[in-house]
Amino acid sequence: MSDNNDWVVNGRDLTKIYTMGDIEVHALRGLSVQIGRGEVVSIMGPSGSGKSTLMNIFGCLDRPTSGEYCLDGESVANLKDEQLADIRNRKVGFVFQTFNLLPRSTALTNVELPLRYSPPNGRKRRELAKEALVEVGLGDRITHRPNELSGGQQQRVAIARALVNDPAIVMADEPTGNLDSKSGDEIMELLLGLNQDRGTTLIIVTHDPEIAEQTQRVINIRDGVVAEA
Amino acid sequence: MNYLQSFIEASESLLANKMRSGLTVLGIIIGVAAVIAVLAIGNGTQESILGEIQGVGTNLLFVTSGGSEDISNPKPLTLADAEALADQFSTPSIDGVAPVLNGRVEVTFAGENKSTTVVGVTPDYASVRNVGLSEGEFVSDTDLAGRSAVVLLGTEVAEDLFGRKSGLVGEKVRIEGQPFRVIGVLEEKGGSSMGSEDDQILVPMTTAQTRLLQRSIPNQVDIIYIQAVASDAVPQASLEISQILTARHRTMIGEEDFSILSQQDFLDLASTITGVLTIFLGGIAAISLLVGGIGIMNIMMVSVVERTREIGLRKALGARRIDILSQFLIESSLLSLMGGFIGILLGWALSLIVEMIAAGSGTPIVPAMTLEAVLLAVLFSAGIGIFFGLYPANRASMLEPVEALRYE
């Protein structure tokens, strides 16, 4: 195990095998990837290449079948579900293609959601959530519900939610996939800006070469391994 | 975990589906209301019956002719039996003896007609049955000896015949066509489930024997009321009565041709009957609670499937199993507790309605909503919420975040 703390994401020889009935699906076949602190990386690859699996493992939503994965210096390969939940809560922010906001809750409550599962409570939570919303430019929309916001604004709420716990990495899965190009550009601008202001490590999973071009490094996945560029 | 926050969130999610939550809660409301109302009315009925029986006096015994079913040709009770029982030396536990004859008669006054119960009594009846007079005097020994045509009216009879309850001493009424002089009016006792004591008239025993209620055997009486010296002397008094009557009727032990009933027997019987009824009806009501609980489970299952993505999201954001589990459990308990509280109010309202109906029909029942019944209903409904919420909540908490997030 590497003690090099400059790698915020450090995966070695990752494999993932899904068993579907009698068939074993090898989603990852000994993949190794390192991502440095403060980097902006995009992960590209065709459907079925294993990039979703990789994202799930990076985001601690899933465990590799074998291999070593360290997130922010913590080895997570052998953790229990509850410990994984804790790591997700503290170290990972998720931005989804479909926003995944709670439809009946206000922007503020949505942003507060990760804090509900971690120590700060009451006032402190509210303040942190407000700050995050101000940071993504929605300071005047905190009491709006998702259906009162545009797609771009909803994604901003989701980004605020991803940031509110001050995570080590932000995983964005096709963050602009459901947006028109103008809002998409704004969201990318916001994400890249946050990376510059806060130094948040940003991992974007995308199909869109235009998005990938804006990142510092592109990791191409083919058949469960990193394809050499 | 912030419980207030969870509580608010659970209420919000329930309120988002008002119609569905309402219908789900309805099952619990009806169940709890039924249980509460049945228990309250059951308790009230029991109290009112026991109150009436106790009001008569717990040291009272009733002796009637006829023993168990297989005794043939029981000897009727007679005045001589009563006199023997009144003997202070052989029956030290007995304080007073009042033999009576009773039957139905027609009483008329100035064209007003009333059918009522006539009771032939001796002067001791007043103290044994604890009868008070609102005016006039009780039947005296002179009346008894002279077979006087005198009568004491119950208030209901007085009301029906004269339209008033006082100033009646000296009036003349006709009983079965024969003229009787009113010598007093009985104190009002109020309704009773064993027949109103206000709807009766008292005449001297001898008068009843000769003029109103002819019996096949001379000096036959229908019931002998016995007053024991104290409540705890009732078993001893019962024993003494039994010994004397067995000897006088020359029956074998175990083949008595008479029955002795004490107030305690009536008390026991009454509370057994009302108790069994309450449990029976309460049990039926509890089944509807169970059905309501299954309704909650059903809705929670639907809710879990519907919110699979939300669960996935929460898990992705760091919710642990216990967080998801408690979220759904709080929702289901909230549903059933709401049902419980509304059900208690509704059950209370129901028992008040029953009280009004009962009062209107002359048999007052005061429904007694006990703390135990309320606690039982609250705990039971909360328990149902938790029990029937557990399975869906557990299903939700076991969802894999990756799969739940992918769910469409």
# chains A, B, ... in the order shown; residues from 1 in each chain; ligands from 1
>>> interface_residues(of="chain B", to="chain A", cutoff="10 Å", atoms="only C-alpha atoms", output="count of residues only")
29
>>> residues_around(residues="stretch 19-34 of chain A", least_positions_apart="4", cutoff="10 Å", atoms="only C-alpha atoms", output="PyMOL selection string")
chain A and resi 6-15+48-54+64-70+219+221-227
>>> closest_residue(among="B:Ala149, B:Gly27, B:Pro367, B:Gln264", to="B:Ile294", atoms="only C-alpha atoms")
B:Gly27
>>> residues_around(residues="B:Gly120", least_positions_apart="2", cutoff="12 Å", atoms="only C-alpha atoms", output="ChimeraX atom specification")
/B:79,98-105,117-118,122-125,139,143-144,147-152,200-214,219-224
>>> write_last_selection(atoms="C-alpha atoms", output="compact mmCIF listing (two decimals), in the first residue's frame")
# COMPACT_ATOMS: atom_id res chain seq x y z
CA LEU B 79 -95.27 -17.59 56.09
CA ALA B 98 -89.49 -10.07 54.87
CA PRO B 99 -91.70 -12.53 53.01
CA VAL B 100 -93.49 -11.14 49.96
CA LEU B 101 -96.13 -12.08 47.44
CA ASN B 102 -96.09 -10.38 44.10
CA GLY B 103 -98.01 -10.21 40.89
CA ARG B 104 -99.41 -7.92 38.21
CA VAL B 105 -102.55 -5.89 38.86
CA THR B 117 -96.56 -4.86 40.08
CA VAL B 118 -98.20 -5.32 43.45
CA THR B 122 -95.04 -7.17 56.11
CA PRO B 123 -93.90 -4.17 58.21
CA ASP B 124 -90.35 -5.60 58.28
CA TYR B 125 -90.12 -5.13 54.52
CA VAL B 139 -97.79 -0.79 56.39
CA ASP B 143 -102.99 -3.06 58.75
CA LEU B 144 -101.65 -6.59 58.55
CA ARG B 147 -106.29 -6.97 56.18
CA SER B 148 -106.72 -3.28 55.56
CA ALA B 149 -107.34 -2.05 52.04
CA VAL B 150 -104.44 0.35 52.10
CA VAL B 151 -101.72 0.91 49.51
CA LEU B 152 -98.30 2.57 49.11
CA GLN B 200 -94.82 -0.89 41.88
CA ILE B 201 -97.31 -0.65 44.72
CA LEU B 202 -97.14 -2.18 48.18
CA VAL B 203 -100.09 -3.58 50.10
CA PRO B 204 -100.25 -5.52 53.39
CA MET B 205 -99.40 -9.21 52.96
CA THR B 206 -102.73 -10.39 54.34
CA THR B 207 -104.65 -8.08 52.04
CA ALA B 208 -102.74 -9.39 49.05
CA GLN B 209 -103.38 -12.98 50.10
CA THR B 210 -107.11 -12.59 50.48
CA ARG B 211 -108.02 -10.01 47.89
CA LEU B 212 -105.45 -9.75 45.12
CA LEU B 213 -103.12 -12.69 44.76
CA GLN B 214 -104.76 -15.99 45.54
CA ASN B 219 -99.94 -18.63 53.57
CA GLN B 220 -97.77 -19.31 50.54
CA VAL B 221 -95.18 -16.62 49.78
CA ASP B 222 -93.15 -16.01 46.62
CA ILE B 223 -89.87 -14.68 47.96
CA ILE B 224 -88.42 -14.33 51.43
>>> select_by_dssp(residues="stretch 91-221 of chain B", states="strand (DSSP E or B)", output="MDAnalysis selection string")
chainID B and resid 94:109 112:121 133:136 150:153 172:175 178:186 200:204 220:221
>>> write_last_selection(atoms="N, CA and C atoms", output="compact mmCIF listing (two decimals), in the first residue's frame")
# COMPACT_ATOMS: atom_id res chain seq x y z
N ILE B 94 -79.17 -13.72 61.19
CA ILE B 94 -80.22 -13.06 60.41
C ILE B 94 -80.82 -11.91 61.21
N ASP B 95 -80.88 -10.77 60.56
CA ASP B 95 -81.33 -9.56 61.23
C ASP B 95 -82.80 -9.29 60.96
N GLY B 96 -83.22 -9.55 59.71
CA GLY B 96 -84.61 -9.25 59.37
C GLY B 96 -85.11 -10.20 58.32
N VAL B 97 -86.42 -10.46 58.35
CA VAL B 97 -87.02 -11.38 57.40
C VAL B 97 -88.25 -10.71 56.82
N ALA B 98 -88.34 -10.70 55.50
CA ALA B 98 -89.49 -10.07 54.87
C ALA B 98 -90.04 -10.94 53.76
N PRO B 99 -91.09 -11.73 54.05
CA PRO B 99 -91.70 -12.53 53.01
C PRO B 99 -92.58 -11.65 52.13
N VAL B 100 -92.62 -11.93 50.84
CA VAL B 100 -93.49 -11.14 49.96
C VAL B 100 -94.23 -12.05 49.00
N LEU B 101 -95.37 -11.51 48.54
CA LEU B 101 -96.13 -12.08 47.44
C LEU B 101 -96.07 -11.03 46.35
N ASN B 102 -95.96 -11.43 45.12
CA ASN B 102 -96.09 -10.38 44.10
C ASN B 102 -96.78 -10.86 42.85
N GLY B 103 -97.29 -9.89 42.10
CA GLY B 103 -98.01 -10.21 40.89
C GLY B 103 -98.38 -8.94 40.16
N ARG B 104 -99.02 -9.10 38.98
CA ARG B 104 -99.41 -7.92 38.21
C ARG B 104 -100.86 -7.58 38.49
N VAL B 105 -101.16 -6.31 38.65
CA VAL B 105 -102.55 -5.89 38.86
C VAL B 105 -102.82 -4.63 38.04
N GLU B 106 -104.11 -4.32 37.96
CA GLU B 106 -104.57 -3.13 37.25
C GLU B 106 -104.97 -2.10 38.31
N VAL B 107 -104.40 -0.93 38.27
CA VAL B 107 -104.76 0.13 39.23
C VAL B 107 -105.48 1.22 38.47
N THR B 108 -106.58 1.71 39.01
CA THR B 108 -107.30 2.79 38.32
C THR B 108 -107.59 3.93 39.26
N PHE B 109 -107.58 5.14 38.71
CA PHE B 109 -108.02 6.32 39.45
C PHE B 109 -108.62 7.29 38.46
N GLU B 112 -108.00 6.92 34.91
CA GLU B 112 -106.62 6.59 34.53
C GLU B 112 -106.37 5.13 34.90
N ASN B 113 -105.70 4.44 34.02
CA ASN B 113 -105.50 3.01 34.16
C ASN B 113 -104.02 2.72 34.16
N LYS B 114 -103.58 1.84 35.05
CA LYS B 114 -102.17 1.47 34.96
C LYS B 114 -101.97 0.05 35.42
N SER B 115 -101.23 -0.71 34.63
CA SER B 115 -100.88 -2.06 35.03
C SER B 115 -99.53 -1.99 35.71
N THR B 116 -99.46 -2.57 36.91
CA THR B 116 -98.21 -2.47 37.66
C THR B 116 -97.99 -3.71 38.52
N THR B 117 -96.87 -3.73 39.20
CA THR B 117 -96.56 -4.86 40.08
C THR B 117 -97.08 -4.56 41.48
N VAL B 118 -97.80 -5.49 42.05
CA VAL B 118 -98.20 -5.32 43.45
C VAL B 118 -97.36 -6.28 44.29
N VAL B 119 -96.92 -5.76 45.43
CA VAL B 119 -96.12 -6.58 46.33
C VAL B 119 -96.83 -6.61 47.69
N GLY B 120 -97.12 -7.83 48.14
CA GLY B 120 -97.70 -7.98 49.46
C GLY B 120 -96.58 -8.04 50.48
N VAL B 121 -96.58 -7.11 51.45
CA VAL B 121 -95.44 -7.01 52.36
C VAL B 121 -95.85 -7.03 53.82
N LEU B 133 -90.00 6.40 52.54
CA LEU B 133 -91.25 7.00 52.10
C LEU B 133 -91.04 8.50 51.91
N SER B 134 -91.59 9.01 50.82
CA SER B 134 -91.51 10.46 50.68
C SER B 134 -92.67 11.12 51.42
N GLU B 135 -93.72 10.37 51.67
CA GLU B 135 -94.80 10.88 52.54
C GLU B 135 -95.61 9.70 53.05
N GLY B 136 -96.36 9.94 54.12
CA GLY B 136 -97.25 8.91 54.66
C GLY B 136 -96.52 7.95 55.59
N VAL B 150 -105.28 -0.84 52.20
CA VAL B 150 -104.44 0.35 52.10
C VAL B 150 -103.29 0.06 51.12
N VAL B 151 -102.74 1.12 50.53
CA VAL B 151 -101.72 0.91 49.51
C VAL B 151 -100.65 2.01 49.57
N LEU B 152 -99.40 1.61 49.28
CA LEU B 152 -98.30 2.57 49.11
C LEU B 152 -97.98 2.60 47.61
N LEU B 153 -97.85 3.82 47.06
CA LEU B 153 -97.63 3.94 45.62
C LEU B 153 -96.16 4.23 45.31
N LYS B 172 -108.18 7.78 47.12
CA LYS B 172 -108.69 6.42 46.93
C LYS B 172 -108.35 5.95 45.52
N VAL B 173 -107.81 4.75 45.41
CA VAL B 173 -107.61 4.17 44.08
C VAL B 173 -108.31 2.82 44.05
N ARG B 174 -108.52 2.31 42.87
CA ARG B 174 -109.10 0.98 42.76
C ARG B 174 -108.04 0.02 42.21
N ILE B 175 -107.87 -1.10 42.93
CA ILE B 175 -106.96 -2.13 42.45
C ILE B 175 -107.80 -3.33 42.11
N GLN B 178 -111.25 -3.07 43.34
CA GLN B 178 -111.56 -2.91 44.75
C GLN B 178 -110.95 -1.61 45.28
N PRO B 179 -111.67 -0.88 46.12
CA PRO B 179 -111.18 0.41 46.59
C PRO B 179 -110.07 0.25 47.64
N PHE B 180 -108.98 1.00 47.48
CA PHE B 180 -107.87 1.02 48.43
C PHE B 180 -107.58 2.47 48.78
N ARG B 181 -107.14 2.69 50.03
CA ARG B 181 -106.79 4.04 50.47
C ARG B 181 -105.27 4.19 50.41
N VAL B 182 -104.81 5.29 49.83
CA VAL B 182 -103.37 5.53 49.74
C VAL B 182 -102.87 5.99 51.10
N ILE B 183 -101.87 5.28 51.67
CA ILE B 183 -101.33 5.70 52.97
C ILE B 183 -99.91 6.25 52.85
N GLY B 184 -99.37 6.22 51.64
CA GLY B 184 -98.03 6.79 51.51
C GLY B 184 -97.49 6.65 50.09
N VAL B 185 -96.39 7.36 49.85
CA VAL B 185 -95.73 7.29 48.55
C VAL B 185 -94.27 6.89 48.79
N LEU B 186 -93.79 5.93 47.98
CA LEU B 186 -92.41 5.45 48.14
C LEU B 186 -91.42 6.49 47.61
N GLN B 200 -94.20 0.19 41.10
CA GLN B 200 -94.82 -0.89 41.88
C GLN B 200 -95.65 -0.27 43.01
N ILE B 201 -96.54 -1.10 43.56
CA ILE B 201 -97.31 -0.65 44.72
C ILE B 201 -97.19 -1.70 45.81
N LEU B 202 -97.24 -1.25 47.06
CA LEU B 202 -97.14 -2.18 48.18
C LEU B 202 -98.47 -2.21 48.93
N VAL B 203 -98.87 -3.43 49.27
CA VAL B 203 -100.09 -3.58 50.10
C VAL B 203 -99.73 -4.54 51.24
N PRO B 204 -100.53 -4.57 52.31
CA PRO B 204 -100.25 -5.52 53.39
C PRO B 204 -100.33 -6.94 52.85
N GLN B 220 -98.91 -19.19 51.44
CA GLN B 220 -97.77 -19.31 50.54
C GLN B 220 -97.16 -17.94 50.27
N VAL B 221 -95.82 -17.87 50.18
CA VAL B 221 -95.18 -16.62 49.78
C VAL B 221 -94.25 -16.89 48.59
>>> residues_around(residues="stretch 183-187 of chain A", least_positions_apart="6", cutoff="8 Å", atoms="only C-alpha atoms", output="VMD selection string")
chain A and resid 151 to 152 155 to 156 175 to 177
>>> write_last_selection(atoms="C-alpha atoms", output="PDB file, in the first residue's frame")
ATOM      1  CA  GLY A 151     -32.531  22.204 -14.804  1.00  0.00           C
ATOM      2  CA  GLY A 152     -29.317  24.195 -14.459  1.00  0.00           C
ATOM      3  CA  GLN A 155     -27.870  20.798 -10.861  1.00  0.00           C
ATOM      4  CA  ARG A 156     -26.406  23.718  -8.925  1.00  0.00           C
ATOM      5  CA  PRO A 175     -23.310  16.281 -14.936  1.00  0.00           C
ATOM      6  CA  THR A 176     -24.394  18.073 -18.100  1.00  0.00           C
ATOM      7  CA  GLY A 177     -26.134  15.131 -19.727  1.00  0.00           C
TER       8      GLY A 177
END
>>> select_by_dssp(residues="stretch 70-181 of chain A", states="helix (DSSP H, G or I)", output="CSV table (one decimal) with N, CA and C atoms, in the first residue's frame")
chain,number,residue,atom,x,y,z
A,81,ASP,N,-20.2,-2.2,5.3
A,81,ASP,CA,-21.2,-1.3,4.7
A,81,ASP,C,-21.3,0.0,5.5
A,82,GLU,N,-21.4,-0.1,6.8
A,82,GLU,CA,-21.6,1.1,7.6
A,82,GLU,C,-20.4,2.0,7.5
A,83,GLN,N,-19.2,1.4,7.5
A,83,GLN,CA,-18.0,2.2,7.4
A,83,GLN,C,-17.9,2.9,6.0
A,84,LEU,N,-18.3,2.2,5.0
A,84,LEU,CA,-18.3,2.8,3.6
A,84,LEU,C,-19.3,3.9,3.6
A,85,ALA,N,-20.4,3.8,4.3
A,85,ALA,CA,-21.4,4.9,4.3
A,85,ALA,C,-20.8,6.1,5.0
A,86,ASP,N,-20.0,5.9,6.0
A,86,ASP,CA,-19.4,7.0,6.7
A,86,ASP,C,-18.4,7.7,5.8
A,87,ILE,N,-17.6,6.9,5.0
A,87,ILE,CA,-16.6,7.4,4.1
A,87,ILE,C,-17.2,8.2,3.0
A,88,ARG,N,-18.3,7.7,2.5
A,88,ARG,CA,-19.1,8.4,1.4
A,88,ARG,C,-19.5,9.7,2.0
A,89,ASN,N,-20.0,9.7,3.2
A,89,ASN,CA,-20.5,10.9,3.8
A,89,ASN,C,-19.5,12.0,4.0
A,90,ARG,N,-18.3,11.5,4.4
A,90,ARG,CA,-17.2,12.5,4.7
A,90,ARG,C,-16.4,12.9,3.5
A,91,LYS,N,-16.1,12.0,2.6
A,91,LYS,CA,-15.1,12.2,1.6
A,91,LYS,C,-15.5,12.3,0.2
A,107,ALA,N,-34.5,23.6,-1.6
A,107,ALA,CA,-33.1,23.6,-1.9
A,107,ALA,C,-32.3,23.4,-0.7
A,108,LEU,N,-32.6,24.2,0.3
A,108,LEU,CA,-31.8,24.2,1.6
A,108,LEU,C,-31.9,22.8,2.2
A,109,THR,N,-33.0,22.2,2.3
A,109,THR,CA,-33.2,20.9,2.9
A,109,THR,C,-32.4,19.9,2.1
A,110,ASN,N,-32.5,20.0,0.8
A,110,ASN,CA,-31.7,19.0,-0.1
A,110,ASN,C,-30.2,19.1,0.2
A,111,VAL,N,-29.7,20.4,0.3
A,111,VAL,CA,-28.3,20.5,0.5
A,111,VAL,C,-27.9,20.0,1.9
A,112,GLU,N,-28.8,20.2,2.8
A,112,GLU,CA,-28.5,19.7,4.2
A,112,GLU,C,-28.5,18.2,4.3
A,113,LEU,N,-29.0,17.5,3.4
A,113,LEU,CA,-29.2,16.1,3.5
A,113,LEU,C,-28.0,15.3,3.9
A,114,PRO,N,-26.8,15.5,3.3
A,114,PRO,CA,-25.6,14.7,3.7
A,114,PRO,C,-25.3,15.0,5.2
A,115,LEU,N,-25.5,16.3,5.6
A,115,LEU,CA,-25.2,16.6,7.0
A,115,LEU,C,-26.1,15.9,8.0
A,116,ARG,N,-27.2,15.5,7.5
A,116,ARG,CA,-28.1,14.7,8.5
A,116,ARG,C,-27.5,13.5,9.0
A,122,GLY,N,-28.4,21.0,13.7
A,122,GLY,CA,-29.2,22.2,13.9
A,122,GLY,C,-28.7,23.4,13.1
A,123,ARG,N,-28.4,24.4,13.8
A,123,ARG,CA,-28.0,25.7,13.3
A,123,ARG,C,-26.8,25.6,12.3
A,124,LYS,N,-25.8,24.8,12.8
A,124,LYS,CA,-24.6,24.7,12.1
A,124,LYS,C,-24.8,24.1,10.7
A,125,ARG,N,-25.7,23.1,10.7
A,125,ARG,CA,-26.1,22.5,9.4
A,125,ARG,C,-26.7,23.5,8.4
A,126,ARG,N,-27.6,24.2,9.0
A,126,ARG,CA,-28.3,25.2,8.2
A,126,ARG,C,-27.4,26.2,7.6
A,127,GLU,N,-26.4,26.7,8.4
A,127,GLU,CA,-25.5,27.7,7.9
A,127,GLU,C,-24.6,27.1,6.9
A,128,LEU,N,-24.1,25.9,7.1
A,128,LEU,CA,-23.2,25.3,6.1
A,128,LEU,C,-24.0,25.1,4.8
A,129,ALA,N,-25.2,24.7,4.8
A,129,ALA,CA,-26.0,24.5,3.6
A,129,ALA,C,-26.2,25.8,2.9
A,130,LYS,N,-26.5,26.8,3.7
A,130,LYS,CA,-26.7,28.2,3.1
A,130,LYS,C,-25.5,28.6,2.4
A,131,GLU,N,-24.3,28.5,3.1
A,131,GLU,CA,-23.1,28.9,2.5
A,131,GLU,C,-22.8,28.2,1.1
A,132,ALA,N,-23.1,26.9,1.1
A,132,ALA,CA,-22.9,26.1,-0.1
A,132,ALA,C,-23.8,26.6,-1.2
A,133,LEU,N,-25.0,26.9,-0.9
A,133,LEU,CA,-25.9,27.4,-1.9
A,133,LEU,C,-25.5,28.8,-2.4
A,134,VAL,N,-25.0,29.6,-1.5
A,134,VAL,CA,-24.5,31.0,-2.0
A,134,VAL,C,-23.3,30.7,-2.9
A,135,GLU,N,-22.5,29.8,-2.6
A,135,GLU,CA,-21.3,29.5,-3.4
A,135,GLU,C,-21.6,29.1,-4.8
A,146,PRO,N,-37.4,21.8,-6.0
A,146,PRO,CA,-36.9,21.5,-7.3
A,146,PRO,C,-37.8,21.8,-8.5
A,147,ASN,N,-39.1,21.6,-8.3
A,147,ASN,CA,-39.9,21.9,-9.5
A,147,ASN,C,-40.1,23.4,-9.7
A,148,GLU,N,-39.6,24.2,-8.9
A,148,GLU,CA,-39.6,25.7,-9.1
A,148,GLU,C,-38.3,26.2,-9.6
A,151,GLY,N,-33.4,23.3,-14.9
A,151,GLY,CA,-32.5,22.2,-14.8
A,151,GLY,C,-31.2,22.6,-14.3
A,152,GLY,N,-30.6,23.7,-14.9
A,152,GLY,CA,-29.3,24.2,-14.5
A,152,GLY,C,-29.3,24.5,-13.0
A,153,GLN,N,-30.4,25.1,-12.5
A,153,GLN,CA,-30.4,25.5,-11.1
A,153,GLN,C,-30.5,24.3,-10.2
A,154,GLN,N,-31.2,23.3,-10.7
A,154,GLN,CA,-31.3,22.0,-9.9
A,154,GLN,C,-30.0,21.4,-9.8
A,155,GLN,N,-29.2,21.4,-10.9
A,155,GLN,CA,-27.9,20.8,-10.9
A,155,GLN,C,-27.0,21.6,-9.9
A,156,ARG,N,-27.2,22.9,-9.9
A,156,ARG,CA,-26.4,23.7,-8.9
A,156,ARG,C,-26.7,23.3,-7.5
A,157,VAL,N,-28.0,23.1,-7.2
A,157,VAL,CA,-28.4,22.6,-5.9
A,157,VAL,C,-27.6,21.3,-5.6
A,158,ALA,N,-27.6,20.4,-6.6
A,158,ALA,CA,-26.9,19.1,-6.4
A,158,ALA,C,-25.4,19.3,-6.1
A,159,ILE,N,-24.9,20.3,-6.8
A,159,ILE,CA,-23.4,20.5,-6.6
A,159,ILE,C,-23.2,21.1,-5.2
A,160,ALA,N,-24.1,22.0,-4.8
A,160,ALA,CA,-24.0,22.5,-3.4
A,160,ALA,C,-24.1,21.4,-2.4
A,161,ARG,N,-25.0,20.4,-2.7
A,161,ARG,CA,-25.1,19.3,-1.8
A,161,ARG,C,-23.8,18.4,-1.8
A,162,ALA,N,-23.2,18.3,-3.0
A,162,ALA,CA,-22.0,17.5,-3.0
A,162,ALA,C,-20.8,18.2,-2.3
A,163,LEU,N,-20.9,19.6,-2.2
A,163,LEU,CA,-19.8,20.3,-1.6
A,163,LEU,C,-20.0,20.5,-0.1
A,181,SER,N,-27.1,23.1,-23.8
A,181,SER,CA,-25.7,23.4,-23.9
A,181,SER,C,-25.3,24.6,-23.1
>>> atom_distance(atom1="atom CA of B:Ala377", atom2="atom CA of B:Ser332")
16.0 Å
>>> atom_distance(atom1="atom CA of B:Ser303", atom2="atom CA of A:Arg63")
28.4 Å
>>> atom_distance(atom1="atom CA of B:Thr91", atom2="atom CA of B:Met252")
20.3 Å
>>> closest_residue(among="A:Gln214, A:Ser150, A:Thr206, A:Ser75", to="A:Leu191", atoms="only C-alpha atoms")
A:Gln214
>>> residues_around(residues="A:Asn195", least_positions_apart="4", cutoff="10 Å", atoms="only C-alpha atoms", output="NGL selection string")
:A and (38-40 or 170 or 189-191 or 199-202)
>>> residues_around(residues="A:Ile204", least_positions_apart="3", cutoff="6 Å", atoms="only C-alpha atoms", output="list in words")
Ser42, Ala172 and Asp173 of chain A
>>> write_last_selection(atoms="C-alpha atoms", output="short mmCIF file (atom, residue, chain, number, x, y, z; two decimals), in the first residue's frame")
data_model
loop_
_atom_site.label_atom_id
_atom_site.label_comp_id
_atom_site.auth_asym_id
_atom_site.auth_seq_id
_atom_site.Cartn_x
_atom_site.Cartn_y
_atom_site.Cartn_z
CA SER A 42 -12.50 12.95 -16.85
CA ALA A 172 -19.81 13.90 -11.33
CA ASP A 173 -21.61 11.38 -13.51
#
>>> closest_residue(among="B:Arg395, B:Arg129, B:Lys75, B:Lys18", to="B:Gln227", atoms="only C-alpha atoms")
B:Arg129
